[in-house]
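S.K.: What follows is start.txt; its format and atoms are compact mmCIF, C-alpha atoms.
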```txt
# COMPACT_ATOMS: atom_id res chain seq x y z
CA MET A 1 110.78 122.00 87.59
CA SER A 2 111.58 118.34 88.29
CA ASN A 3 109.24 115.51 89.29
CA ASP A 4 110.03 112.32 91.13
CA ILE A 5 108.04 109.73 93.04
CA MET A 6 109.16 108.19 96.28
CA THR A 7 107.54 106.65 99.32
CA LYS A 8 107.60 107.66 102.95
CA ARG A 9 106.62 105.62 105.94
CA LYS A 10 103.67 107.20 107.71
CA THR A 11 103.79 106.55 111.43
CA SER A 12 101.51 107.39 114.28
CA LYS A 13 101.83 106.68 117.99
CA LYS A 14 98.77 104.46 117.98
CA SER A 15 98.41 103.48 114.34
CA LEU A 16 96.46 100.27 113.89
CA MET A 17 98.14 99.57 110.60
CA GLU A 18 101.69 98.27 110.48
CA ASP A 19 103.42 101.43 109.29
CA PRO A 20 101.54 102.03 106.00
CA VAL A 21 103.66 103.12 103.07
CA VAL A 22 102.46 106.39 101.59
CA ALA A 23 103.55 107.49 98.11
CA TYR A 24 104.41 111.11 97.39
CA ARG A 25 105.16 112.96 94.19
CA HIS A 26 107.77 115.63 94.72
CA PHE A 27 108.57 118.56 92.54
CA LYS A 28 110.88 121.51 92.86
CA VAL A 29 110.33 125.08 91.74
CA SER A 30 113.32 127.35 91.19
CA ARG A 31 113.02 131.12 90.98
CA GLY A 32 115.77 133.66 91.27
CA GLY A 33 118.23 131.09 92.57
CA ARG A 34 115.84 129.95 95.33
CA HIS A 35 114.47 126.43 95.39
CA LYS A 36 111.29 125.19 96.98
CA ARG A 37 110.19 121.56 97.15
CA TYR A 38 106.51 120.58 97.20
CA ASP A 39 105.25 117.17 98.32
CA LEU A 40 101.97 115.91 96.89
CA ARG A 41 100.54 112.70 98.27
CA THR A 42 99.52 110.20 95.61
CA GLY A 43 97.32 107.14 95.84
CA TYR A 44 94.04 106.62 97.60
CA GLY A 45 92.67 105.90 101.07
CA TYR A 46 94.59 105.14 104.22
CA PHE A 47 93.62 101.87 105.89
CA ILE A 48 92.60 99.61 103.00
CA PRO A 49 95.80 98.06 101.56
CA ALA A 50 94.43 97.36 98.07
CA VAL A 51 93.16 100.92 97.82
CA ARG A 52 96.50 102.38 98.97
CA LYS A 53 98.25 100.43 96.21
CA ALA A 54 95.89 101.57 93.44
CA GLU A 55 97.46 103.92 90.93
CA SER A 56 94.40 105.13 89.03
CA PRO A 57 90.66 105.69 89.33
CA VAL A 58 90.18 102.74 86.96
CA GLN A 59 91.96 100.45 89.43
CA ILE A 60 89.78 101.80 92.25
CA SER A 61 86.68 101.11 90.16
CA GLU A 62 87.83 97.55 89.48
CA LEU A 63 88.56 96.96 93.19
CA VAL A 64 85.20 98.28 94.31
CA GLU A 65 83.23 96.50 91.58
CA GLY A 66 85.09 93.26 92.36
CA GLY A 67 84.22 93.58 96.04
CA LEU A 68 86.76 94.20 98.79
CA SER A 69 87.38 91.35 101.22
CA TYR A 70 86.49 91.58 104.89
CA LYS A 71 90.19 91.31 105.72
CA GLN A 72 90.90 94.44 103.63
CA ILE A 73 88.60 96.59 105.79
CA THR A 74 89.53 95.29 109.28
CA GLY A 75 92.03 98.09 109.98
CA LEU A 76 89.37 100.68 109.20
CA ILE A 77 86.80 98.85 111.34
CA GLU A 78 89.22 98.72 114.29
CA TYR A 79 90.16 102.39 113.97
CA LEU A 80 86.52 103.47 114.02
CA ASP A 81 85.61 100.99 116.80
CA MET A 82 82.77 99.68 114.64
CA THR A 83 80.33 97.13 116.01
CA VAL A 84 78.72 94.37 113.94
CA PRO A 85 75.53 96.46 113.48
CA ASP A 86 77.71 99.42 112.35
CA ILE A 87 79.51 97.25 109.79
CA ALA A 88 76.19 95.83 108.58
CA LYS A 89 74.69 99.29 108.12
CA ALA A 90 77.72 100.55 106.20
CA ALA A 91 77.86 97.45 104.00
CA SER A 92 74.08 97.38 103.41
CA VAL A 93 73.74 93.82 104.72
CA SER A 94 72.28 92.22 107.83
CA ALA A 95 74.22 91.80 111.08
CA SER A 96 73.88 88.01 110.72
CA THR A 97 75.57 88.22 107.31
CA VAL A 98 78.49 90.16 108.83
CA SER A 99 78.82 87.59 111.62
CA ARG A 100 79.33 84.86 108.98
CA TRP A 101 82.06 86.71 107.06
CA ALA A 102 85.48 85.07 106.92
CA ALA A 103 88.64 87.05 106.17
CA ASP A 104 88.46 86.32 102.42
CA THR A 105 84.69 86.95 102.09
CA SER A 106 83.74 89.69 99.62
CA ILE A 107 81.71 92.42 101.30
CA GLY A 108 79.87 93.13 98.03
CA VAL A 109 79.84 96.16 95.79
CA PRO A 110 77.69 98.49 97.95
CA GLY A 111 79.77 97.72 101.04
CA SER A 112 83.02 98.03 99.11
CA ASN A 113 81.96 101.41 97.77
CA GLN A 114 80.98 102.69 101.21
CA PHE A 115 84.16 101.47 102.91
CA PHE A 116 86.30 102.90 100.10
CA ARG A 117 84.58 106.26 100.57
CA ILE A 118 84.99 106.07 104.36
CA ASP A 119 88.70 105.36 103.86
CA GLU A 120 88.98 108.41 101.60
CA VAL A 121 87.28 110.59 104.24
CA ILE A 122 89.69 109.21 106.87
CA ARG A 123 92.61 110.14 104.64
CA LYS A 124 91.25 113.66 104.19
CA GLY A 125 90.66 113.95 107.95
CA ILE A 126 94.23 112.94 108.73
CA GLU A 127 95.45 115.68 106.39
CA VAL A 128 93.14 118.24 108.03
CA PHE A 129 93.87 117.26 111.65
CA GLY A 130 97.48 116.16 111.26
CA GLY A 131 97.20 112.64 112.64
CA LEU A 132 95.08 109.61 113.44
CA GLU A 133 94.53 110.41 117.11
CA GLU A 134 93.57 114.04 116.46
CA LEU A 135 91.09 112.93 113.82
CA LYS A 136 89.63 110.25 116.09
CA VAL A 137 88.86 112.83 118.77
CA TRP A 138 86.88 114.86 116.22
CA LEU A 139 85.14 111.76 114.80
CA LYS A 140 83.98 110.66 118.26
CA SER A 141 82.78 114.11 119.43
CA PRO A 142 79.24 115.42 118.84
CA ASN A 143 79.36 118.13 116.22
CA GLN A 144 76.87 121.00 116.23
CA ALA A 145 77.23 121.56 112.48
CA LEU A 146 76.26 117.91 111.98
CA GLY A 147 73.13 118.09 114.13
CA ASN A 148 75.03 117.19 117.32
CA GLN A 149 75.80 113.77 115.84
CA THR A 150 79.22 112.16 116.05
CA PRO A 151 80.88 112.10 112.61
CA SER A 152 81.91 108.44 113.12
CA LYS A 153 78.24 107.35 113.24
CA LEU A 154 77.34 109.47 110.21
CA LEU A 155 80.02 107.69 108.13
CA LEU A 156 77.81 104.60 108.06
CA SER A 157 75.31 106.04 105.55
CA GLN A 158 75.94 107.56 102.14
CA ILE A 159 74.34 110.89 102.99
CA GLY A 160 76.03 111.04 106.40
CA LEU A 161 79.39 110.33 104.80
CA GLU A 162 78.86 113.22 102.39
CA LEU A 163 78.03 115.52 105.31
CA VAL A 164 81.22 114.52 107.15
CA ASP A 165 83.23 114.99 103.96
CA GLU A 166 81.76 118.49 103.53
CA ALA A 167 82.51 119.31 107.18
CA LEU A 168 86.16 118.33 106.65
CA ASP A 169 86.29 120.51 103.54
CA ALA A 170 84.87 123.42 105.55
CA LEU A 171 87.50 122.91 108.26
CA HIS A 172 90.23 122.70 105.64
CA TYR A 173 89.17 126.03 104.19
CA GLY A 174 88.91 127.76 107.56
CA ASN A 175 85.27 127.44 108.54
CA VAL A 176 84.48 126.22 112.03
CA MET A 177 82.71 122.86 112.14
```
Now that the file is in, can you turn its structure into structure tokens?

M.R.:
Amino acid sequence: MSNDIMTKRKTSKKSLMEDPVVAYRHFKVSRGGRHKRYDLRTGYGYFIPAVRKAESPVQISELVEGGLSYKQITGLIEYLDMTVPDIAKAASVSASTVSRWAADTSIGVPGSNQFFRIDEVIRKGIEVFGGLEELKVWLKSPNQALGNQTPSKLLLSQIGLELVDEALDALHYGNVM
């Protein structure tokens, strides 16, 4: 068995990010003269550049505890079509605070944690649905298993985010959600 790390460019027809680089770890298994290659995605998140570059949970912890900047989360905000009240709810701040944020403003630890977790759920959703657009359709559609709420609105609270994450896990393992 051999291991190597390389990067692939992840593209989507309507990606809001400029062609994010995604790292993969590859390994090959040989049995009876037959070879099979497995690709395992490494890294974290999808839209937040600093999170994508992180190589360990310790780095993620340092990023979140240091506070992500507003600029770091703009791709995620645009993808989810978030309004100022949506951003404020997710970041646990007031709408007037969000309206004063500049690109380099720290969104604080609670907001950084929530947006990191949202980014992780987006990444999982892309893997489940196969692309950004397919995931967006699901995120914007009322879901009976989630109390007829749209998953995108549930992502704004900690409990709602956990419910969406569990729904994606159920879909991944073959349950209908």

S.K.: Compile the contact shell of A:Leu163 as a list in words: residues with an atom at most 12 Å away, counting all atoms listed in the file, same-chain residues fewer than 3 positions apart removed.

M.R.: Ile118, Val121, Asn143, Ala145, Leu146, Gly147, Gln149, Thr150, Pro151, Ser152, Lys153, Leu154, Leu155, Leu156, Ser157, Gln158, Ile159, Gly160, Glu166, Ala167, Leu168, Asp169, Ala170 and Met177 of chain A

S.K.: Which is closer to A:Asp86 than all the others in A:Phe115, A:Ser69, A:Tyr38, A:Val128, using all atoms listed in the file?

M.R.: A:Phe115

S.K.: What is the atom CA of A:Ser112 to atom CA of A:Lys53 distance in Å?

M.R.: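 Spanning atom CA of A:Ser112 to atom CA of A:Lys53 is a straight-line distance of 15.7 Å.
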
S.K.: Rounded to one decimal, what separation in Å do you get between atom CA of A:Arg37 and atom CA of A:Asp119?

M.R.: 27.7 Å

S.K.: From the list A:Tyr70, A:Trp138, A:Tyr173, A:Tyr44, which residue is nearest A:Arg100 when using all atoms listed in the file?

M.R.: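 Smallest distance to A:Arg100 is found for A:Tyr70.
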
S.K.: Do you know which residues lie at most 12 Å from (95.0, 98.3, 101.9), with coordinates as in the file and all atoms listed in the file counted, and could you write them as number ranges by chain?

M.R.: A: 17-22, 43-54, 60, 63, 68-76, 115-116, 119-120

S.K.: Between atom CA of A:Gly67 and atom CA of A:Gly108, measure the distance and give it in Å to one decimal.

M.R.: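 Computing it gives 4.8 Å between the two atoms.
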
S.K.: Restricting the calculation to all atoms listed in the file: of A:Met82, A:Ala95, A:Pro110, A:Gly131, which residue gets closest to A:Val64?

M.R.: A:Pro110

S.K.: Could you list, as a ChimeraX atom specification, every residue within 12 Å of A:Ser96, counting only C-alpha atoms and ignoring same-chain residues fewer than 6 positions away?

M.R.: /A:84-85,87-89

S.K.: Please, could you write that set of residues out with C-alpha atoms as a compact mmCIF listing (two decimals), in the frame of the given file?

M.R.:
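Final file, part29.txt:
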```txt
# COMPACT_ATOMS: atom_id res chain seq x y z
CA VAL A 84 78.72 94.37 113.94
CA PRO A 85 75.53 96.46 113.48
CA ILE A 87 79.51 97.25 109.79
CA ALA A 88 76.19 95.83 108.58
CA LYS A 89 74.69 99.29 108.12
```

S.K.: Closest to A:Glu65 among A:Ile126, A:Leu161, A:Leu135, A:Ile107, using all atoms listed in the file?

M.R.: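 Among the listed residues, A:Ile107 lies closest to A:Glu65.
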
S.K.: I'd like to know which of A:Leu171, A:Ala91, A:Leu80, A:Val58 is closest to A:Val137, using all atoms listed in the file.

M.R.: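 Residue with the minimum atom-to-atom distance to A:Val137: A:Leu80.
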